[in-house]
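Here's the structure, in structure tokens; my notes come after.
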Amino acid sequence: MRSLRAPLLALLLAAAAAGQIPRPAPEIEFAPVTGGSGAMKLSQLRGKVVALEFLLTTCPGCKHSGRILAKLHREYGPQGFQVIGLAVDSGSALRIPVFAAETGALFPIAVYNNAAARNFLQVPMMLRMAYPQLAFIDRNGTLRVHFRAEDPRMNAAAEEDNVRKVVEQLLAERQGAKNAPPRKK
């Protein structure tokens, strides 16, 4: 029993340290396969509320989240809401157009590296990371909210309401203001 304590404690500490929020969103670059053209940088979207969906193109949960984000992107896009899809599965470049068609996603979707996604989200390699992962960035470039696939807020029945609340709160905040992190309910 004693031999399990140290590794278990290390794993728990790593999990607790993973993904400190709020924090400045690291810069990322991506080249959309659909919904955009040319290389883009996250910093180019400063002034907008951004939702990043780290996804697998064949994942049913990722498609469900993609449909929700596509709907909210159409609804809140004129107010400054931008969605970016980042597909981390191998061979995703060929499947991204199918994913976009199945979800109605008109937002940019790019191929992204799984290790880079873990680094962005601050998820250690020793921890399992299920998809989708949703990261919400405020107008000032601060990563404010992270929904993990296992998060109760990602429950299929409640996900749209939970995502909508975050988007509406972040859109209501002024750029440049010191904003408090959205409250967990």
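By order of appearance in the structure tokens: chains A, B, ..., then residues from 1 within every chain, and ligands from 1 in the order shown.
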For this session: For Ala31 in chain A, list every protein, DNA or RNA residue within 8 Å, evaluated using only C-alpha atoms, and leave out those in the same chain fewer than 2 positions away; present the list as number ranges by chain.
Result: A: 29, 33, 36-40, 110-111
Problem set entry | Neighbour list for Ile137 in chain A as a PyMOL selection string, cut-off 6 Å, only C-alpha atoms, skip fewer than 3 positions in-chain | chain A and resi 49-50+141-144
Take the residues that were just selected and, keeping C-alpha atoms, output them as a PDB file, in the first residue's frame.
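What ended up in again.pdb:
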ATOM      1  CA  VAL A  49     -14.501  36.348 -27.526  1.00  0.00           C
ATOM      2  CA  VAL A  50     -12.989  33.106 -28.844  1.00  0.00           C
ATOM      3  CA  GLY A 141      -6.674  37.345 -24.701  1.00  0.00           C
ATOM      4  CA  THR A 142      -7.149  35.680 -21.309  1.00  0.00           C
ATOM      5  CA  LEU A 143      -8.110  32.019 -21.126  1.00  0.00           C
ATOM      6  CA  ARG A 144     -11.046  32.214 -18.744  1.00  0.00           C
TER       7      ARG A 144
END
Exercise. Could you name the residues that touch range 153-164 of chain A at 12 Å or less, counting only C-alpha atoms, but leaving out those on the same chain fewer than 3 positions away, as a PyMOL selection string?
Worked result: chain A and resi 50-53+60-73+75-76+81+83+130-136+145-150+167-171+182-185
Exercise. Given the choices A:Gln79, A:Asn140, A:Ser90, A:Thr34, which gets closest to Ala105 in chain A if the distance is worked out from only C-alpha atoms?
Worked result: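 Among A:Gln79, A:Asn140, A:Ser90, A:Thr34, it is A:Thr34 that comes nearest to Ala105 in chain A.
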Exercise. Quick one: DSSP helix (DSSP H, G or I) residues in range 43-92 of chain A, as a ChimeraX atom specification?
Worked result: /A:43-45,60-79,92
Problem set entry | All residues 10 Å or closer to Met125 in chain A, only C-alpha atoms, same chain fewer than 6 positions away omitted, as a list in words | Ala115, Arg118 and Asn119 of chain A
Seminar exercise, completed: Shortest contact to Asn113 in chain A, candidates A:Leu45, A:Val88, A:Leu94, A:Ala100, atoms counted only C-alpha atoms, goes to A:Val88
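Of the residues listed (A:Ala172, A:Glu27, A:Ala116, A:Ser92), A:Glu27 shows the shortest atom-to-atom separation from Arg46 in chain A; distances use only C-alpha atoms.
Picture a line from CA of Pro108 in chain A to CA of Leu127 in chain A; it runs 28.2 Å.
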Exercise. Looking only at the backbone, which of the residues in range 24-73 of chain A does DSSP tag as strand (DSSP E), as a ChimeraX atom specification?
Worked result: /A:24,29-30,32-34,40-41,49-55
Write a file of the just-selected residues containing C-alpha atoms, as a PDB file, in the first residue's frame.
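Produced file selection-v1.pdb, reproduced below:
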ATOM      1  CA  PRO A  24      -3.014  34.611 -20.633  1.00  0.00           C
ATOM      2  CA  GLU A  29      -0.902  29.401 -35.175  1.00  0.00           C
ATOM      3  CA  PHE A  30      -3.107  27.351 -37.447  1.00  0.00           C
ATOM      4  CA  PRO A  32      -7.749  26.383 -41.584  1.00  0.00           C
ATOM      5  CA  VAL A  33      -8.745  23.524 -43.852  1.00  0.00           C
ATOM      6  CA  THR A  34     -12.310  24.922 -43.946  1.00  0.00           C
ATOM      7  CA  MET A  40      -4.007  32.538 -38.656  1.00  0.00           C
ATOM      8  CA  LYS A  41      -2.803  33.435 -35.162  1.00  0.00           C
ATOM      9  CA  VAL A  49     -14.501  36.348 -27.526  1.00  0.00           C
ATOM     10  CA  VAL A  50     -12.989  33.106 -28.844  1.00  0.00           C
ATOM     11  CA  ALA A  51     -14.052  29.522 -28.299  1.00  0.00           C
ATOM     12  CA  LEU A  52     -11.470  26.916 -29.224  1.00  0.00           C
ATOM     13  CA  GLU A  53     -12.792  23.402 -29.742  1.00  0.00           C
ATOM     14  CA  PHE A  54     -10.010  20.833 -29.583  1.00  0.00           C
ATOM     15  CA  LEU A  55     -11.643  17.888 -31.320  1.00  0.00           C
TER      16      LEU A  55
END
For this session: Have a look at A:Gly80, A:Gly176, A:Gly104, A:Gly85 and name the one nearest to Thr57 in chain A; count only C-alpha atoms.
Result: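 For Thr57 in chain A, the nearest of the candidates is A:Gly85.
Distance-wise, CA of Gln82 in chain A and CA of Val98 in chain A end up 20.6 Å apart.
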Problem set entry | Between CA of Thr103 in chain A and CA of Gly91 in chain A, distance in Å (one decimal) |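 That distance, rounded to one decimal, is 18.6 Å.
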Problem set entry | Nearest to Phe107 in chain A by atom-to-atom distance, counting only C-alpha atoms, from A:Arg139, A:Gly35, A:Gln122, A:Pro152 | A:Gly35
